[in-house]
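**Q** Below is a structure I'd like to ask you about.
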Amino acid sequence: MRAISQDTYGGPEVLREVEQPVPALGPGQILVEVKAAGVNPTDWKNRAAPLWFDRLPLTLGFDVSGVVAQVGYGVTIHQTGDEVFGMLPYPQGIGAYAEYVAAPARAFVPKPTEIDHVQAAAIPLAALTAYQALVDTAHIRPGQRVLIHAAAGGVGHLAVQIAKHLGAYVIGTASAGKHDLLRSLGADEVIDYISTDFRSLATDIDAALVPMTGETRSQTIEVLRPGATLVTLLRGLTPEDERAAAEREARLATLLVEHDQAGMAAIAEMIRAGHLRAHVQQVFPLTEVAQAHALGEEGHLTGKLVLVV
């Protein structure tokens, strides 16, 4: 099968197309013929340096949408020919940048017929991150004020929709050119982080999703109300952050996304009901994965990038 591999860590140029054997199935696994694969920041970070694992050669990718080609021993929830989508187990279960991938059957759910494989591949990792942050960690409820930073990004634009679906009052930060998109996705307020100090407008926050470190994360603690939860997606919370949160009687939580069949099923239902859609900025053929990584590393993406296999 065709796959994208790298023999060393470095820039996008280390990615190359190779021939690999089709993966062998283990018990409880399915073999998926990959139709499309999502591209996420964790992909280019792991390409550049051994972030979560140090093993070469390496085939990256976590987001998969495709067709079940074979089912392993003990699998009862999928059959050959089913269209499925899901996230390979994070962070060790990489391999989506290929024609076939073998993975736990329960990492996948049926792909909604309302979307194609490109849309489906854009969703799993980013939507599960948003869902696990807002639902499983922050436990947001109707009427609560939710602040989402980088709201037009891969995780952020899906988090806006999930929070709105759950009845929250949603405040997002993004550059001015992305405000119309965020309003169309349901954001109640949008703040231009370039021209405005978000702390002047985002107050009494019940839950915050912060996909960055540094000053923005520390400043967000200042706008939390007692009992609030700030979910960060990156390590590096400082003792000062912890003390500031404790003074406000707020919780800080660092989330590492997990593959999650129940979460994927909830996400799929939101898609079917018209409450969740991915904004795909650009689609690349698998052979142009280096260009996709280069674009992603420039920063300021709107939504997601997807590879067609």
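If you're wondering about the labels, chains in the structure tokens are A, B, ... by order shown, residues count from 1 in each chain, ligands from 1 in order shown.
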With range 22-27 of chain A as the partner and 9 Å as the cut-off, tabulate the residues of range 82-192 of chain A that qualify, each row holding the nearest pair of atoms and their distance in Å to one decimal, using only C-alpha atoms, sorted by chain and rising number, as CSV.
**A**
residue,atom,partner,partner_atom,distance
A:Glu99,CA,A:Val22,CA,8.3
A:Tyr100,CA,A:Val22,CA,6.4
A:Val101,CA,A:Pro23,CA,6.4
A:Ala102,CA,A:Pro23,CA,5.9
A:Ala103,CA,A:Leu25,CA,8.1
A:Pro104,CA,A:Pro27,CA,8.5
**Q** Write the residues of the preceding selection, restricted to C-alpha atoms, as an mmCIF file, in the first residue's frame.
**A**
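File again-v8.cif, as written:
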data_model
loop_
_atom_site.group_PDB
_atom_site.id
_atom_site.type_symbol
_atom_site.label_atom_id
_atom_site.label_comp_id
_atom_site.auth_asym_id
_atom_site.auth_seq_id
_atom_site.Cartn_x
_atom_site.Cartn_y
_atom_site.Cartn_z
ATOM 1 C CA GLU A 99 -4.122 3.649 2.136
ATOM 2 C CA TYR A 100 -5.031 1.273 4.980
ATOM 3 C CA VAL A 101 -4.885 1.410 8.747
ATOM 4 C CA ALA A 102 -5.580 -1.217 11.424
ATOM 5 C CA ALA A 103 -7.064 0.083 14.662
ATOM 6 C CA PRO A 104 -9.381 -0.821 17.551
#
**Q** Write out as a Markdown table the residues of range 10-110 of chain A that have any atom within 6 Å of an atom of range 124-143 of chain A, one row each with the nearest atom pair and its distance in Å to one decimal, counting only C-alpha atoms, sorted by chain and then rising number.
**A**
| residue | atom | partner | partner_atom | distance |
| --- | --- | --- | --- | --- |
| A:Asp63 | CA | A:Pro124 | CA | 5.9 |
| A:Gly86 | CA | A:Pro124 | CA | 5.4 |
| A:Met87 | CA | A:Pro124 | CA | 5.4 |
**Q** Record the distance separating CA of Ala253 in chain A and CA of Leu158 in chain A, expressed in Å with one decimal.
**A**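 Taking CA of Ala253 in chain A and CA of Leu158 in chain A, their separation equals 19.4 Å.
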**Q** In range 124-201 of chain A, what's alpha helix (DSSP H) per DSSP? Answer as a PyMOL selection string?
**A** chain A and resi 124-131+154-165+179-184
**Q** Which neighbours of Ile205 in chain A fall inside 7 Å, counting only C-alpha atoms, when residues of the same chain fewer than 6 positions from it are skipped, and could you give them as a count of residues only?
**A** 7
**Q** List the neighbours of range 168-185 of chain A out to 10 Å using only C-alpha atoms; skip same-chain residues closer than 3 positions along the sequence, and give me the result as a PDB file with C-alpha atoms, in the first residue's frame.
**A**
ATOM      1  CA  ILE A 140     -20.940  23.109  30.850  1.00  0.00           C
ATOM      2  CA  ARG A 141     -24.646  23.738  31.328  1.00  0.00           C
ATOM      3  CA  PRO A 142     -27.224  25.883  29.523  1.00  0.00           C
ATOM      4  CA  GLY A 143     -26.768  29.587  30.153  1.00  0.00           C
ATOM      5  CA  GLN A 144     -23.156  29.385  31.250  1.00  0.00           C
ATOM      6  CA  ARG A 145     -20.596  31.747  29.752  1.00  0.00           C
ATOM      7  CA  VAL A 146     -17.938  29.888  27.777  1.00  0.00           C
ATOM      8  CA  LEU A 147     -14.761  31.523  26.439  1.00  0.00           C
ATOM      9  CA  ILE A 148     -12.995  29.828  23.524  1.00  0.00           C
ATOM     10  CA  HIS A 149      -9.599  31.132  22.431  1.00  0.00           C
ATOM     11  CA  ALA A 150      -8.408  30.596  18.848  1.00  0.00           C
ATOM     12  CA  ALA A 151     -12.067  30.086  18.100  1.00  0.00           C
ATOM     13  CA  ALA A 152     -11.602  29.825  14.335  1.00  0.00           C
ATOM     14  CA  GLY A 153      -8.939  27.127  14.599  1.00  0.00           C
ATOM     15  CA  GLY A 156     -11.935  26.148  18.372  1.00  0.00           C
ATOM     16  CA  HIS A 157     -14.495  26.309  15.552  1.00  0.00           C
ATOM     17  CA  LEU A 158     -15.895  22.927  16.554  1.00  0.00           C
ATOM     18  CA  ALA A 159     -15.881  23.896  20.240  1.00  0.00           C
ATOM     19  CA  VAL A 160     -17.975  26.973  19.430  1.00  0.00           C
ATOM     20  CA  GLN A 161     -20.638  24.764  17.862  1.00  0.00           C
ATOM     21  CA  ILE A 162     -20.597  22.151  20.617  1.00  0.00           C
ATOM     22  CA  ALA A 163     -20.865  24.797  23.361  1.00  0.00           C
ATOM     23  CA  LYS A 164     -23.718  26.525  21.530  1.00  0.00           C
ATOM     24  CA  HIS A 165     -25.532  23.218  21.029  1.00  0.00           C
ATOM     25  CA  ASP A 188     -22.681  35.119  20.655  1.00  0.00           C
ATOM     26  CA  GLU A 189     -19.693  37.455  20.971  1.00  0.00           C
ATOM     27  CA  VAL A 190     -16.453  37.582  19.013  1.00  0.00           C
ATOM     28  CA  ILE A 191     -13.394  39.493  20.229  1.00  0.00           C
ATOM     29  CA  ASP A 192     -10.534  40.636  18.003  1.00  0.00           C
ATOM     30  CA  TYR A 193      -7.567  39.607  20.142  1.00  0.00           C
ATOM     31  CA  ILE A 194      -5.250  41.814  18.068  1.00  0.00           C
ATOM     32  CA  SER A 195      -7.001  45.116  18.782  1.00  0.00           C
ATOM     33  CA  THR A 196      -8.805  44.352  22.040  1.00  0.00           C
ATOM     34  CA  PHE A 198     -10.275  40.197  25.795  1.00  0.00           C
ATOM     35  CA  LEU A 201     -15.265  42.023  27.433  1.00  0.00           C
ATOM     36  CA  ALA A 202     -15.052  38.403  28.529  1.00  0.00           C
ATOM     37  CA  THR A 203     -16.017  38.496  32.198  1.00  0.00           C
ATOM     38  CA  ILE A 205     -16.552  33.081  32.635  1.00  0.00           C
ATOM     39  CA  ASP A 206     -17.801  29.633  33.696  1.00  0.00           C
ATOM     40  CA  ALA A 207     -15.590  27.613  31.347  1.00  0.00           C
ATOM     41  CA  ALA A 208     -12.636  28.492  29.144  1.00  0.00           C
ATOM     42  CA  LEU A 209     -10.889  26.473  26.462  1.00  0.00           C
ATOM     43  CA  HIS A 275     -25.531  21.116  14.877  1.00  0.00           C
ATOM     44  CA  LEU A 276     -21.903  20.462  13.913  1.00  0.00           C
ATOM     45  CA  ARG A 277     -19.919  20.913  10.726  1.00  0.00           C
ATOM     46  CA  ALA A 278     -16.240  21.211   9.952  1.00  0.00           C
ATOM     47  CA  HIS A 279     -14.811  24.153   8.062  1.00  0.00           C
ATOM     48  CA  HIS A 300      -3.607  31.201  11.582  1.00  0.00           C
ATOM     49  CA  THR A 302      -9.264  28.667   9.646  1.00  0.00           C
TER      50      THR A 302
END
**Q** Among the residues of range 230-304 of chain A, find those DSSP assigns to strand (DSSP E) from the backbone and print them as a compact mmCIF listing (two decimals) with C-alpha atoms, in the first residue's frame.
**A**
# COMPACT_ATOMS: atom_id res chain seq x y z
CA LEU A 230 -10.15 26.43 32.51
CA VAL A 231 -9.16 23.60 30.18
CA THR A 232 -5.74 23.89 28.56
CA ARG A 251 -10.09 24.72 38.47
CA LEU A 252 -7.27 24.30 35.95
CA ALA A 253 -7.27 21.11 33.88
CA THR A 254 -4.79 19.92 31.23
CA VAL A 280 -12.18 22.73 5.72
CA GLN A 281 -9.73 25.40 4.59
CA GLN A 282 -7.97 23.26 2.00
CA VAL A 283 -7.82 19.69 0.68
CA PHE A 284 -4.59 18.09 -0.54
CA PRO A 285 -3.86 14.77 -2.25
CA LYS A 304 -8.93 22.15 9.18
